[in-house]
$ cat model_35.cif   # mmCIF, C-alpha atoms
data_final
loop_
_atom_site.label_atom_id
_atom_site.label_comp_id
_atom_site.auth_asym_id
_atom_site.auth_seq_id
_atom_site.Cartn_x
_atom_site.Cartn_y
_atom_site.Cartn_z
CA MET A 1 122.65 80.52 48.15
CA SER A 2 121.19 77.14 48.98
CA PHE A 3 117.58 76.73 49.87
CA LYS A 4 117.46 74.40 52.76
CA LYS A 5 114.03 74.14 54.22
CA GLU A 6 115.11 74.38 57.85
CA PRO A 7 112.26 76.66 58.87
CA CYS A 8 109.79 73.97 57.84
CA ASN A 9 111.73 71.10 59.37
CA TYR A 10 112.33 73.03 62.55
CA SER A 11 109.76 71.00 64.37
CA LEU A 12 108.28 71.37 67.77
CA THR A 13 109.42 67.89 68.71
CA ASN A 14 112.73 69.28 69.85
CA SER A 15 111.03 71.73 72.15
CA PRO A 16 109.80 69.68 75.09
CA GLY A 17 107.37 71.37 77.33
CA ILE A 18 106.49 74.21 74.98
CA SER A 19 103.30 74.42 73.07
CA ILE A 20 102.77 78.03 72.32
CA PRO A 21 100.32 78.89 69.57
CA ALA A 22 102.32 81.99 68.70
CA LEU A 23 105.38 79.91 68.11
CA MET A 24 103.54 77.49 65.85
CA ASN A 25 102.00 80.35 64.00
CA TYR A 26 105.40 81.83 63.55
CA LEU A 27 106.87 78.61 62.22
CA ALA A 28 104.01 78.13 59.79
CA ILE A 29 104.61 81.60 58.46
CA ALA A 30 108.32 80.89 58.04
CA CYS A 31 107.36 77.92 55.86
CA VAL A 32 105.08 79.92 53.61
CA VAL A 33 107.72 82.57 53.18
CA THR A 34 110.36 80.04 52.29
CA ILE A 35 108.25 78.43 49.65
CA LEU A 36 106.57 81.39 48.07
CA GLY A 37 108.41 84.55 48.46
CA TYR A 38 111.61 85.02 50.25
CA THR A 39 113.76 82.37 48.65
CA GLY A 40 111.94 82.98 45.41
CA LEU A 41 113.19 86.53 45.60
CA GLN A 42 116.68 85.33 46.32
CA SER A 43 116.77 82.61 43.75
CA PRO A 44 118.91 83.45 40.72
CA LEU A 45 116.57 81.22 38.74
CA ALA A 46 113.72 83.61 39.30
CA TYR A 47 115.52 86.57 37.74
CA GLY A 48 114.07 87.93 34.57
CA ASP A 49 110.38 87.43 35.08
CA PRO A 50 108.86 90.55 36.60
CA THR A 51 105.29 89.41 36.01
CA ALA A 52 105.91 86.23 37.97
CA ASP A 53 107.58 88.25 40.76
CA ARG A 54 104.64 90.57 41.02
CA GLN A 55 102.14 87.73 41.12
CA ALA A 56 104.22 85.85 43.68
CA MET A 57 104.40 88.93 45.91
CA ARG A 58 100.68 89.54 45.75
CA ALA A 59 99.94 85.87 46.36
CA LEU A 60 102.31 85.82 49.32
CA TYR A 61 100.66 88.71 51.14
CA GLN A 62 97.20 87.49 50.20
CA LYS A 63 97.96 84.10 51.67
CA ARG A 64 99.60 85.51 54.79
CA PHE A 65 96.86 88.07 55.39
CA PRO A 66 93.69 86.62 53.86
CA ASP A 67 91.53 89.33 55.46
CA ILE A 68 93.50 92.20 53.95
CA PRO A 69 92.95 92.97 50.26
CA VAL A 70 96.38 93.50 48.71
CA GLU A 71 95.41 97.04 47.70
CA ALA A 72 94.94 97.92 51.38
CA HIS A 73 98.71 97.72 51.90
CA LYS A 74 98.85 101.20 50.42
CA ASP A 75 98.27 102.34 54.01
CA GLY A 76 101.40 100.58 55.25
CA VAL A 77 101.25 99.40 58.85
CA TYR A 78 97.75 100.86 59.17
CA ALA A 79 96.46 98.03 56.99
CA PHE A 80 97.12 95.63 59.87
CA ASP A 81 95.75 97.18 62.99
CA GLN A 82 92.33 98.77 63.38
CA ASP A 83 93.20 100.80 66.50
CA ALA A 84 96.36 102.26 65.03
CA ARG A 85 94.44 102.88 61.83
CA GLU A 86 91.79 104.94 63.57
CA GLN A 87 94.37 107.10 65.32
CA TRP A 88 96.14 107.58 62.01
CA LEU A 89 92.92 108.56 60.25
CA GLU A 90 92.33 111.16 62.95
CA LEU A 91 95.74 112.65 62.21
CA GLU A 92 94.92 112.63 58.52
CA ASP A 93 91.89 114.82 59.28
CA PHE A 94 94.24 117.73 59.93
CA PRO A 95 97.11 116.79 57.71
CA PRO A 96 100.41 118.43 58.70
CA TYR A 97 101.57 118.12 55.10
CA GLU A 98 99.05 120.68 53.88
CA ILE A 99 101.55 123.49 54.25
CA ALA A 100 104.10 121.58 52.20
CA ILE A 101 101.53 121.08 49.44
CA ASP A 102 100.74 124.82 49.43
CA GLU A 103 104.40 125.72 49.29
CA GLY A 104 104.90 123.12 46.57
CA GLU A 105 102.12 124.70 44.55
CA GLU A 106 103.76 128.07 44.86
CA LEU A 107 107.12 126.66 43.74
CA PHE A 108 105.40 124.82 40.90
CA ASN A 109 103.95 128.09 39.63
CA THR A 110 107.13 130.11 40.04
CA ALA A 111 108.96 130.94 36.82
CA LEU A 112 112.19 129.08 36.13
CA ALA A 113 115.34 130.92 35.00
CA ASP A 114 114.28 131.23 31.34
CA GLY A 115 110.75 132.31 32.20
CA ALA A 116 109.15 128.91 31.61
CA SER A 117 107.54 127.01 34.46
CA TYR A 118 107.16 123.45 35.64
CA SER A 119 103.91 123.22 33.75
CA ASP A 120 105.93 123.36 30.53
CA CYS A 121 107.34 119.99 31.61
CA PHE A 122 104.50 118.51 33.64
CA GLY A 123 101.30 120.04 32.24
CA ASP A 124 98.69 120.25 34.99
CA GLY A 125 101.06 118.47 37.38
CA ALA A 126 99.05 115.27 37.86
CA VAL A 127 101.92 113.12 36.61
CA LYS A 128 103.17 111.06 39.54
CA GLY A 129 101.64 107.93 38.02
CA GLN A 130 104.08 108.17 35.10
CA TYR A 131 107.10 107.63 37.35
CA PRO A 132 109.38 105.86 37.69
CA TYR A 133 109.97 104.55 34.20
CA PHE A 134 112.95 103.14 32.36
CA ASP A 135 114.29 105.53 29.73
CA GLU A 136 115.76 103.39 26.95
CA ASN A 137 117.75 106.23 25.42
CA ARG A 138 119.42 107.23 28.65
CA SER A 139 119.44 103.63 29.83
CA GLU A 140 118.44 104.54 33.37
CA VAL A 141 115.44 104.78 35.66
CA ILE A 142 113.79 108.20 35.70
CA THR A 143 112.03 109.09 38.93
CA LEU A 144 109.81 112.09 39.55
CA GLU A 145 112.58 113.85 41.48
CA LEU A 146 115.04 113.31 38.64
CA ALA A 147 112.47 114.63 36.16
CA ILE A 148 111.94 117.74 38.30
CA ASN A 149 115.64 118.54 38.11
CA ASP A 150 115.77 117.68 34.41
CA CYS A 151 112.99 120.18 33.88
CA ARG A 152 114.93 122.83 35.75
CA SER A 153 118.09 122.29 33.75
CA GLN A 154 116.13 122.30 30.48
CA HIS A 155 115.02 125.76 31.51
CA ASP A 156 118.48 126.98 32.49
CA ASP A 157 117.86 126.69 36.21
CA GLN A 158 119.97 125.16 38.98
CA PRO A 159 119.08 121.66 40.16
CA LEU A 160 117.49 121.36 43.60
CA ALA A 161 119.36 119.39 46.28
CA TYR A 162 117.76 115.97 46.55
CA ASN A 163 118.02 116.06 50.32
CA GLY A 164 116.68 119.60 50.59
CA PRO A 165 113.17 120.76 51.49
CA GLU A 166 112.17 122.33 48.14
CA ILE A 167 112.14 119.27 45.92
CA ALA A 168 110.04 117.39 48.47
CA ARG A 169 107.51 120.24 48.38
CA VAL A 170 107.22 120.27 44.61
CA ALA A 171 106.91 116.47 44.68
CA ALA A 172 104.29 116.67 47.46
CA TYR A 173 102.15 119.01 45.35
CA ILE A 174 102.47 116.70 42.34
CA ALA A 175 101.68 113.65 44.50
CA PHE A 176 98.59 115.40 45.84
CA LEU A 177 97.36 116.22 42.32
CA SER A 178 98.01 112.60 41.32
CA ARG A 179 96.02 110.92 44.09
CA ASP A 180 94.04 107.85 43.02
CA GLN A 181 96.04 107.27 39.88
CA ILE A 182 96.72 103.56 39.56
CA ILE A 183 100.35 102.49 39.53
CA ALA A 184 101.11 101.03 36.11
CA VAL A 185 104.84 100.75 35.49
CA ALA A 186 105.50 99.27 32.04
CA GLU A 187 106.86 95.74 32.19
CA PRO A 188 110.65 95.81 31.89
CA THR A 189 111.42 93.89 28.71
CA SER A 190 114.61 95.28 27.14
CA PRO A 191 117.85 93.83 28.51
CA ALA A 192 118.80 97.20 30.02
CA ALA A 193 115.42 97.67 31.72
CA LEU A 194 115.51 94.12 33.04
CA ALA A 195 119.01 94.68 34.35
CA ALA A 196 117.84 97.76 36.29
CA TYR A 197 114.84 95.87 37.62
CA ASN A 198 116.94 92.89 38.67
CA ASP A 199 119.43 95.19 40.32
CA GLY A 200 116.65 96.65 42.46
CA LYS A 201 115.32 93.22 43.22
CA ARG A 202 118.74 91.94 44.23
CA PHE A 203 119.22 94.96 46.48
CA TYR A 204 115.90 94.22 48.13
CA SER A 205 116.84 90.69 49.04
CA SER A 206 120.54 91.15 49.87
CA ARG A 207 121.58 91.11 53.49
CA LYS A 208 123.43 94.23 54.54
CA GLY A 209 125.03 95.85 57.52
CA GLN A 210 126.39 94.57 60.78
CA LEU A 211 122.91 93.44 61.76
CA ASN A 212 122.67 91.40 58.55
CA PHE A 213 119.18 92.24 57.33
CA ALA A 214 117.81 92.43 53.81
CA CYS A 215 114.87 94.72 53.10
CA SER A 216 112.88 91.55 52.54
CA SER A 217 113.85 90.21 55.99
CA CYS A 218 111.72 92.89 57.59
CA HIS A 219 109.12 93.71 54.96
CA VAL A 220 108.48 90.26 53.46
CA GLN A 221 109.53 87.69 56.05
CA LEU A 222 108.41 89.71 59.06
CA ALA A 223 105.65 91.82 57.52
CA GLY A 224 102.81 92.20 60.00
CA LYS A 225 105.07 91.20 62.90
CA ARG A 226 106.57 93.58 65.43
CA LEU A 227 110.08 94.67 66.34
CA ARG A 228 109.59 95.94 69.87
CA SER A 229 106.26 97.72 69.49
CA GLU A 230 106.89 98.68 65.88
CA ARG A 231 104.83 96.89 63.24
CA LEU A 232 106.45 96.06 59.94
CA SER A 233 104.64 97.03 56.76
CA ALA A 234 104.39 95.01 53.55
CA SER A 235 106.57 95.88 50.54
CA LEU A 236 103.55 96.09 48.27
CA GLY A 237 102.49 99.44 49.69
CA HIS A 238 105.91 100.99 50.01
CA VAL A 239 105.81 103.37 47.07
CA THR A 240 102.23 104.64 47.06
CA HIS A 241 102.37 107.67 49.30
CA TRP A 242 105.55 109.72 48.81
CA PRO A 243 106.74 112.16 49.74
CA ALA A 244 105.36 111.26 53.17
CA TYR A 245 105.12 113.46 56.24
CA ARG A 246 106.99 111.61 58.97
CA LEU A 247 106.22 112.78 62.48
CA LYS A 248 109.79 111.89 63.25
CA TRP A 249 111.05 114.22 60.53
CA GLN A 250 108.44 116.91 61.24
CA ASP A 251 108.41 117.40 57.50
CA VAL A 252 107.69 115.75 54.18
CA GLY A 253 110.54 113.63 52.88
CA SER A 254 111.21 111.33 49.99
CA LEU A 255 111.02 107.58 49.57
CA HIS A 256 114.80 107.51 49.18
CA ARG A 257 115.24 109.27 52.49
CA ARG A 258 113.21 106.45 54.03
CA PHE A 259 115.34 103.85 52.22
CA ALA A 260 118.43 105.45 53.74
CA ARG A 261 116.95 105.28 57.23
CA CYS A 262 116.18 101.59 56.83
CA ASN A 263 119.74 100.97 55.64
CA GLN A 264 121.17 102.85 58.61
CA GLN A 265 118.90 101.04 61.03
CA VAL A 266 120.77 97.81 60.32
CA ARG A 267 124.14 99.64 60.45
CA ALA A 268 124.64 99.55 56.69
CA GLU A 269 125.95 102.47 54.63
CA PRO A 270 123.06 104.38 53.08
CA PHE A 271 123.20 105.45 49.43
CA ALA A 272 122.59 108.97 48.20
CA GLN A 273 119.07 109.98 47.27
CA GLN A 274 118.57 109.45 43.55
CA SER A 275 121.63 107.23 43.32
CA PRO A 276 121.28 104.53 40.65
CA GLU A 277 120.95 101.97 43.46
CA TYR A 278 117.92 103.66 45.03
CA ARG A 279 116.33 104.46 41.69
CA ASN A 280 116.56 100.81 40.65
CA LEU A 281 115.13 99.83 44.02
CA GLU A 282 112.23 102.24 43.50
CA TYR A 283 111.70 100.80 40.00
CA PHE A 284 111.50 97.24 41.32
CA LEU A 285 109.20 98.16 44.22
CA THR A 286 106.91 100.25 42.05
CA TYR A 287 106.59 97.57 39.39
CA ILE A 288 105.69 95.07 42.12
CA ALA A 289 103.02 97.54 43.31
CA ASN A 290 101.31 97.83 39.92
CA GLY A 291 97.56 98.06 40.41
CA LEU A 292 97.69 99.90 43.73
CA PRO A 293 96.38 103.49 43.88
CA LEU A 294 98.58 106.45 44.70
CA ASN A 295 97.66 108.15 47.98
CA GLY A 296 100.41 110.61 48.74
CA PRO A 297 101.33 112.56 50.64
CA ALA A 298 100.47 110.52 53.72
CA ILE A 299 101.38 110.69 57.38
CA ARG A 300 103.73 108.13 58.85
CA LYS A 301 105.42 107.87 62.20
CA MET B 1 94.13 123.78 63.02
CA LYS B 2 96.41 125.16 65.70
CA ILE B 3 95.08 122.72 68.24
CA ALA B 4 95.54 119.86 65.85
CA PHE B 5 99.13 120.87 65.40
CA THR B 6 99.84 121.00 69.10
CA VAL B 7 98.35 117.55 69.41
CA LEU B 8 100.53 116.35 66.58
CA LEU B 9 103.68 117.77 68.05
CA THR B 10 102.92 116.17 71.37
CA ILE B 11 102.32 112.83 69.76
CA ALA B 12 105.48 113.23 67.73
CA ALA B 13 107.47 113.92 70.85
CA MET B 14 106.00 110.87 72.51
CA ILE B 15 106.84 108.46 69.75
CA SER B 16 110.43 109.23 69.01
CA TYR B 17 110.81 105.49 68.72
CA SER B 18 113.68 103.50 67.46
CA VAL B 19 113.47 99.89 66.52
CA MET B 20 117.01 98.76 66.15
CA ALA B 21 119.77 100.12 68.29
CA GLU B 22 120.01 103.85 67.88
CA GLU B 23 119.67 105.15 71.37
CA PRO B 24 122.62 105.71 73.65
CA LEU B 25 123.15 103.29 76.48
CA GLU B 26 121.08 104.28 79.45
CA GLN B 27 123.30 105.60 82.18
CA THR B 28 122.73 103.19 85.00
CA SER B 29 124.94 102.44 87.92
CA PRO B 30 127.35 99.58 87.23
CA ILE B 31 125.69 96.23 87.71
CA ALA B 32 127.60 93.69 89.71
CA ASN B 33 125.52 90.53 89.34
CA PRO B 34 126.51 88.71 86.09
CA LEU B 35 122.94 87.57 85.46
CA GLU B 36 121.77 91.16 85.78
CA GLN B 37 124.53 92.21 83.39
CA GLY B 38 123.45 89.58 80.88
CA LYS B 39 119.88 90.76 81.21
CA ALA B 40 120.89 94.38 80.66
CA ILE B 41 122.80 93.43 77.50
CA ALA B 42 119.85 91.42 76.19
CA PHE B 43 117.36 94.23 76.87
CA ASP B 44 119.30 97.33 75.88
CA ARG B 45 118.34 98.67 72.45
CA SER B 46 121.86 99.70 71.60
CA VAL B 47 123.48 96.43 72.67
CA GLY B 48 121.70 93.08 72.30
CA ASN B 49 118.19 94.37 71.77
CA CYS B 50 116.86 90.82 71.87
CA LEU B 51 113.54 92.27 73.03
CA ALA B 52 113.12 93.69 69.53
CA CYS B 53 112.06 90.19 68.52
CA HIS B 54 111.70 88.01 71.60
CA MET B 55 109.47 88.04 74.63
CA ILE B 56 111.89 87.61 77.53
CA ASP B 57 111.20 87.57 81.24
CA ASP B 58 109.73 90.91 82.37
CA GLY B 59 111.04 92.85 79.35
CA GLU B 60 108.70 95.67 78.34
CA LEU B 61 107.15 95.97 74.89
CA PRO B 62 108.77 92.94 73.35
CA GLY B 63 108.43 92.31 69.63
CA ASN B 64 106.94 89.10 68.26
CA SER B 65 109.28 88.43 65.35
CA GLY B 66 111.00 85.55 67.13
CA PRO B 67 109.77 82.87 69.55
CA PRO B 68 109.49 83.69 73.25
CA LEU B 69 112.67 82.82 75.10
CA LEU B 70 111.74 80.68 78.05
CA GLN B 71 112.64 77.34 79.57
CA MET B 72 116.01 77.75 77.95
CA LYS B 73 117.70 75.01 79.96
CA LEU B 74 115.13 72.53 78.73
CA ARG B 75 115.37 73.75 75.18
CA PHE B 76 119.16 73.87 75.25
CA PRO B 77 120.63 71.25 77.58
CA ASP B 78 123.97 71.87 75.83
CA ARG B 79 125.20 75.38 76.54
CA GLU B 80 127.36 75.38 73.43
CA VAL B 81 124.33 74.85 71.19
CA LEU B 82 122.68 77.89 72.69
CA ARG B 83 125.86 79.92 72.40
CA ALA B 84 126.15 78.89 68.74
CA GLN B 85 122.58 80.06 68.12
CA VAL B 86 123.38 83.53 69.44
CA TRP B 87 126.83 83.57 67.80
CA ASP B 88 125.40 82.94 64.31
CA ALA B 89 121.78 81.88 63.94
CA THR B 90 122.16 81.54 60.17
CA VAL B 91 124.10 78.30 60.62
CA ARG B 92 121.00 76.48 61.77
CA ASN B 93 118.67 78.43 59.51
CA PRO B 94 120.20 80.32 56.56
CA ASN B 95 117.00 82.34 56.18
CA THR B 96 116.69 83.46 59.77
CA VAL B 97 116.28 87.17 60.46
CA MET B 98 118.16 86.92 63.74
CA PRO B 99 121.42 88.90 63.60
CA PRO B 100 124.69 86.92 63.94
CA TYR B 101 125.75 88.50 67.21
CA GLY B 102 129.16 86.86 67.55
CA LYS B 103 130.16 86.48 63.94
CA HIS B 104 129.41 90.14 63.17
CA LYS B 105 130.88 91.38 66.45
CA ILE B 106 127.62 92.93 67.56
CA LEU B 107 128.48 91.50 70.97
CA ASN B 108 131.98 90.66 72.15
CA ASP B 109 132.82 87.27 73.65
CA LYS B 110 132.27 88.42 77.19
CA GLU B 111 128.91 89.99 76.45
CA LEU B 112 127.84 86.91 74.55
CA ASP B 113 128.67 84.65 77.50
CA LEU B 114 126.81 86.93 79.89
CA VAL B 115 123.72 86.81 77.67
CA VAL B 116 123.90 83.03 77.30
CA ASP B 117 124.19 82.57 81.08
CA TYR B 118 121.26 84.88 81.57
CA LEU B 119 119.17 82.93 79.05
CA LEU B 120 119.97 79.68 80.84
CA SER B 121 118.58 81.19 84.02
CA LEU B 122 115.18 81.69 82.40
#

$ encode --input "model_35.cif" --output "structure tokens"
Amino acid sequence: MSFKKEPCNYSLTNSPGISIPALMNYLAIACVVTILGYTGLQSPLAYGDPTADRQAMRALYQKRFPDIPVEAHKDGVYAFDQDAREQWLELEDFPPYEIAIDEGEELFNTALADGASYSDCFGDGAVKGQYPYFDENRSEVITLELAINDCRSQHDDQPLAYNGPEIARVAAYIAFLSRDQIIAVAEPTSPAALAAYNDGKRFYSSRKGQLNFACSSCHVQLAGKRLRSERLSASLGHVTHWPAYRLKWQDVGSLHRRFARCNQQVRAEPFAQQSPEYRNLEYFLTYIANGLPLNGPAIRK
Amino acid sequence: MKIAFTVLLTIAAMISYSVMAEEPLEQTSPIANPLEQGKAIAFDRSVGNCLACHMIDDGELPGNSGPPLLQMKLRFPDREVLRAQVWDATVRNPNTVMPPYGKHKILNDKELDLVVDYLLSL
């Protein structure tokens, strides 16, 4: 990949008769992205320094949106727009995910096959902040969902389907108990952990599908902009609030389910929930989000 | 609680949105005028969906991810340059977010020409 600076050179001199502030604004943004974030994410040279990535991401959004503290991106698109935010807060007053949390609590307290319960694995349940992490022995990323099924198999029980309703309910209860924990994924340092991190990072910035978008096209380059009337949220807040209740789903669903939707949107093949690809992606995105508070479950459109 | 739920469901029904091309082509009567055809291709979510990013003409709820498309003849005195931009925008700008409509066969040659002619009428 070469890093031509076309967006910056793309000057208004070849656009006679047009002087539209929005256009200039847009071009200025393209420049910032090229320099700070987007190509940085794509550059092979940048691989292997998660701390630098995280700082670059925070700096990018801070520079693009000086009035929005980076932590505020935990509320996704509602960090950008006061009107939409108020409507959203009204919805959050009567959260439709309450039922899922209650059902999750019930499942959490139900005995597993050998008579043990989830609390034998997760204590009081306020553990979301510990995931995902890189397990050096297994040499893979362990997410909360994976740990839930590990717990079940340790206690002789069947795994839950990752795309089924039950696991999202257990995870919703755990997310609720874990609210306000600060994301603090350990820095990937071993070669295997770095490889998983870099895999997620590469996924994030690789163009896919007939429509040829990378995740970063929409959530870094175009963050804060609109596709039709749909605002695009910033990557920094992508992992804070899962499982989320999507009005479109009429249910709580996982982060990986959302990943799959975004893949399909650009006519790319989605991966399975909890596939290594999506777990590495979650690992990268969560590391980048270190320092943000957890606020799941949350409502999203 | 019950009221809140009804409200929610209503809102949910109202916003079954879709950003990129998911919805079936609207069943409209066949359009004869080529410029109208080009316009329809540019506007339709499941075909060109240029409105996702560009303000164009009287298109409703345009996005703002790309520059407004206007005065196209002035901007693109050479039709081929414009066609090349829609065919594969990454040639001019490798980092562009604009989909390569021709190269990735999102539009076929005929559709692409109809869109280009429509743009030149703006």

$ interface_residues --input "model_35.cif" --of "chain B" --to "chain A" --cutoff "6 Å" --atoms "all atoms listed in the file" --output "PyMOL selection string"
chain B and resi 12+20+52-53+61-65+67+75+93+97+99+104

$ resolve_selection --input "model_35.cif" --expression "the PyMOL selection byres ((chain A and resi 125-138) around 10)" --output "JSON, numbers by chain"
{"A": [105, 108, 118, 119, 120, 121, 122, 123, 124, 139, 140, 141, 142, 143, 144, 145, 146, 147, 170, 171, 172, 173, 174, 175, 176, 177, 178, 179, 180, 181, 182, 183, 184, 185, 186, 187, 188, 190, 191, 192, 193, 194, 196, 197, 240, 242, 279, 280, 282, 283, 284, 286, 287, 293, 294, 296]}

$ write_last_selection --input "model_35.cif" --atoms "C-alpha atoms" --output "mmCIF file, in the frame of the given file"
data_model
loop_
_atom_site.group_PDB
_atom_site.id
_atom_site.type_symbol
_atom_site.label_atom_id
_atom_site.label_comp_id
_atom_site.auth_asym_id
_atom_site.auth_seq_id
_atom_site.Cartn_x
_atom_site.Cartn_y
_atom_site.Cartn_z
ATOM 1 C CA GLU A 105 102.120 124.700 44.550
ATOM 2 C CA PHE A 108 105.400 124.820 40.900
ATOM 3 C CA TYR A 118 107.160 123.450 35.640
ATOM 4 C CA SER A 119 103.910 123.220 33.750
ATOM 5 C CA ASP A 120 105.930 123.360 30.530
ATOM 6 C CA CYS A 121 107.340 119.990 31.610
ATOM 7 C CA PHE A 122 104.500 118.510 33.640
ATOM 8 C CA GLY A 123 101.300 120.040 32.240
ATOM 9 C CA ASP A 124 98.690 120.250 34.990
ATOM 10 C CA SER A 139 119.440 103.630 29.830
ATOM 11 C CA GLU A 140 118.440 104.540 33.370
ATOM 12 C CA VAL A 141 115.440 104.780 35.660
ATOM 13 C CA ILE A 142 113.790 108.200 35.700
ATOM 14 C CA THR A 143 112.030 109.090 38.930
ATOM 15 C CA LEU A 144 109.810 112.090 39.550
ATOM 16 C CA GLU A 145 112.580 113.850 41.480
ATOM 17 C CA LEU A 146 115.040 113.310 38.640
ATOM 18 C CA ALA A 147 112.470 114.630 36.160
ATOM 19 C CA VAL A 170 107.220 120.270 44.610
ATOM 20 C CA ALA A 171 106.910 116.470 44.680
ATOM 21 C CA ALA A 172 104.290 116.670 47.460
ATOM 22 C CA TYR A 173 102.150 119.010 45.350
ATOM 23 C CA ILE A 174 102.470 116.700 42.340
ATOM 24 C CA ALA A 175 101.680 113.650 44.500
ATOM 25 C CA PHE A 176 98.590 115.400 45.840
ATOM 26 C CA LEU A 177 97.360 116.220 42.320
ATOM 27 C CA SER A 178 98.010 112.600 41.320
ATOM 28 C CA ARG A 179 96.020 110.920 44.090
ATOM 29 C CA ASP A 180 94.040 107.850 43.020
ATOM 30 C CA GLN A 181 96.040 107.270 39.880
ATOM 31 C CA ILE A 182 96.720 103.560 39.560
ATOM 32 C CA ILE A 183 100.350 102.490 39.530
ATOM 33 C CA ALA A 184 101.110 101.030 36.110
ATOM 34 C CA VAL A 185 104.840 100.750 35.490
ATOM 35 C CA ALA A 186 105.500 99.270 32.040
ATOM 36 C CA GLU A 187 106.860 95.740 32.190
ATOM 37 C CA PRO A 188 110.650 95.810 31.890
ATOM 38 C CA SER A 190 114.610 95.280 27.140
ATOM 39 C CA PRO A 191 117.850 93.830 28.510
ATOM 40 C CA ALA A 192 118.800 97.200 30.020
ATOM 41 C CA ALA A 193 115.420 97.670 31.720
ATOM 42 C CA LEU A 194 115.510 94.120 33.040
ATOM 43 C CA ALA A 196 117.840 97.760 36.290
ATOM 44 C CA TYR A 197 114.840 95.870 37.620
ATOM 45 C CA THR A 240 102.230 104.640 47.060
ATOM 46 C CA TRP A 242 105.550 109.720 48.810
ATOM 47 C CA ARG A 279 116.330 104.460 41.690
ATOM 48 C CA ASN A 280 116.560 100.810 40.650
ATOM 49 C CA GLU A 282 112.230 102.240 43.500
ATOM 50 C CA TYR A 283 111.700 100.800 40.000
ATOM 51 C CA PHE A 284 111.500 97.240 41.320
ATOM 52 C CA THR A 286 106.910 100.250 42.050
ATOM 53 C CA TYR A 287 106.590 97.570 39.390
ATOM 54 C CA PRO A 293 96.380 103.490 43.880
ATOM 55 C CA LEU A 294 98.580 106.450 44.700
ATOM 56 C CA GLY A 296 100.410 110.610 48.740
#

$ atom_distance --input "model_35.cif" --atom1 "atom CA of Tyr245 of chain A" --atom2 "atom CA of Asp67 of chain A"
27.7 Å

$ atom_distance --input "model_35.cif" --atom1 "atom CA of Leu292 of chain A" --atom2 "atom CA of Val239 of chain A"
9.4 Å

$ closest_residue --input "model_35.cif" --among "A:Ala272, A:Phe203, A:Ser117, A:Ile288" --to "Thr51 of chain A" --atoms "only C-alpha atoms"
A:Ile288

$ atom_distance --input "model_35.cif" --atom1 "atom CA of Arg64 of chain A" --atom2 "atom CA of Ala52 of chain A"
18.0 Å

$ resolve_selection --input "model_35.cif" --expression "the PyMOL selection byres ((chain A and resi 234) around 8)" --output "PyMOL selection string"
chain A and resi 61+73+76-77+219-220+223-224+232-233+235-238

$ closest_residue --input "model_35.cif" --among "A:His155, A:Ala72, A:Ala161, A:Arg169" --to "Glu106 of chain A" --atoms "only C-alpha atoms"
A:Arg169

$ resolve_selection --input "model_35.cif" --expression "the PyMOL selection byres ((chain B and resi 57) around 12)" --output "PyMOL selection string"
chain B and resi 39-40+42-43+50-51+54-56+58-62+68-72+118-122

$ residues_around --input "model_35.cif" --residues "Ala89 of chain B" --least-positions-apart "5" --cutoff "8 Å" --atoms "only C-alpha atoms" --output "PyMOL selection string"
chain B and resi 84+94+96+98-100

$ decode --input "model_35.cif" --residues "segment 57-66 of chain B" --atoms "N, CA and C atoms" --output "CSV table (one decimal), in the first residue's frame"
chain,number,residue,atom,x,y,z
B,57,ASP,N,-29.1,17.0,-6.3
B,57,ASP,CA,-30.4,17.4,-6.8
B,57,ASP,C,-31.5,17.5,-5.7
B,58,ASP,N,-32.6,16.9,-5.9
B,58,ASP,CA,-33.7,17.0,-4.9
B,58,ASP,C,-33.7,15.7,-4.1
B,59,GLY,N,-32.6,14.9,-4.1
B,59,GLY,CA,-32.6,13.6,-3.3
B,59,GLY,C,-32.9,13.9,-1.8
B,60,GLU,N,-33.7,13.0,-1.3
B,60,GLU,CA,-34.1,13.2,0.2
B,60,GLU,C,-33.1,12.6,1.1
B,61,LEU,N,-32.9,13.2,2.2
B,61,LEU,CA,-32.0,12.7,3.3
B,61,LEU,C,-30.6,12.2,2.8
B,62,PRO,N,-29.9,13.1,2.1
B,62,PRO,CA,-28.6,12.7,1.6
B,62,PRO,C,-27.6,12.6,2.8
B,63,GLY,N,-26.6,11.8,2.6
B,63,GLY,CA,-25.5,11.8,3.6
B,63,GLY,C,-24.6,12.9,3.3
B,64,ASN,N,-23.6,13.1,4.2
B,64,ASN,CA,-22.6,14.1,4.0
B,64,ASN,C,-21.2,13.6,4.0
B,65,SER,N,-21.0,12.3,3.6
B,65,SER,CA,-19.7,11.7,3.6
B,65,SER,C,-18.9,12.1,2.4
B,66,GLY,N,-19.5,12.5,1.3
B,66,GLY,CA,-18.8,12.9,0.1
B,66,GLY,C,-19.3,14.4,-0.2
